Amino acid sequence: MKIGIQTRPWGPEKNRQSLAEVLAEIASAGYDGVEIGAQHLDLGQPQAFRQLVTSCGLEPAAIHTGGEIYNPQAVQEALENLERTVVFAARTGATFLAFSGRAKENKSDKELQVEADSLNRVGQLCHDNGIRLAYHNHYWEIQDDCRELRYLCDHTDAGHVWLCLDVEWVHRAGGNPAEVARTFLDRIAYLHVKDTTATEWREVGYGDVDLASLYAAVRAREFPWLVVEQDETQRAPVESARMSREYMRQKWNV
């Protein structure tokens, strides 16, 4: 099992202007790979990105994108760019395309079915290009006893649509990360391992998320990647990265 990190704490400017520096810091902190938002990248240059990542001794774990997928018109308008993103991710050698939806209060079953149909379409596109689609949750999919996440799993192709379970958003939504992980374990492709207090994003192991119970719930699964993520940090990003990496090494044996 390999461990990666999301580049988000370094911020948009460094992701776009100083990515080599970011990747060097990630490698120095002991990670195997990286996940990065597609908005920071030149989608016409997949080989350049891949070479940059590998030159730092890393692998591309996932390319992260997203959009409004409950609105058929919005889906159709975004499809061309989404196809470019899938092809880009595949050509970089990334294992996953992570995809985040958008919040809307009280989504109807009809809207959720549009989301499921959209994910099936993107999942097939990913499959055709040799990568895996992993739907990334925020808080709204977890609310109301995971209503939205259950619907999406029940109405998508399990062979083409997987989950990137973000455990911190499960916690912030009032869910139990270990219980949610057990419920959806067969659909989880990889985890976003994160930590938080009620008001602040924290390094892994330094917040309120019950990561010990989560580990007990998932330890039997051999995920290809675990990805550390911290949306914001009060420290230098590389320092936070090292703290989280050390926790994962000591407590999760990775």
# chains A, B, ... in the order shown; residues from 1 in each chain; ligands from 1
call {"tool": "select_by_dssp", "arguments": {"residues": "stretch 1-136 of chain A", "states": "alpha helix (DSSP H)", "output": "count of residues only"}}
result
68
call {"tool": "select_by_dssp", "arguments": {"residues": "stretch 89-218 of chain A", "states": "strand (DSSP E or B)", "output": "PyMOL selection string"}}
result
chain A and resi 96-100+132-136+161-166+188-193+195-196+201-202
call {"tool": "closest_residue", "arguments": {"among": "A:Ser18, A:Thr65, A:Gln76, A:Gln39", "to": "A:His136", "atoms": "only C-alpha atoms"}}
result
A:Thr65
call {"tool": "residues_around", "arguments": {"residues": "A:Leu152", "least_positions_apart": "6", "cutoff": "9 Å", "atoms": "only C-alpha atoms", "output": "ChimeraX atom specification"}}
result
/A:112-113,115-116,119
call {"tool": "atom_distance", "arguments": {"atom1": "atom CA of A:Asp166", "atom2": "atom CA of A:Arg202"}}
result
14.2 Å
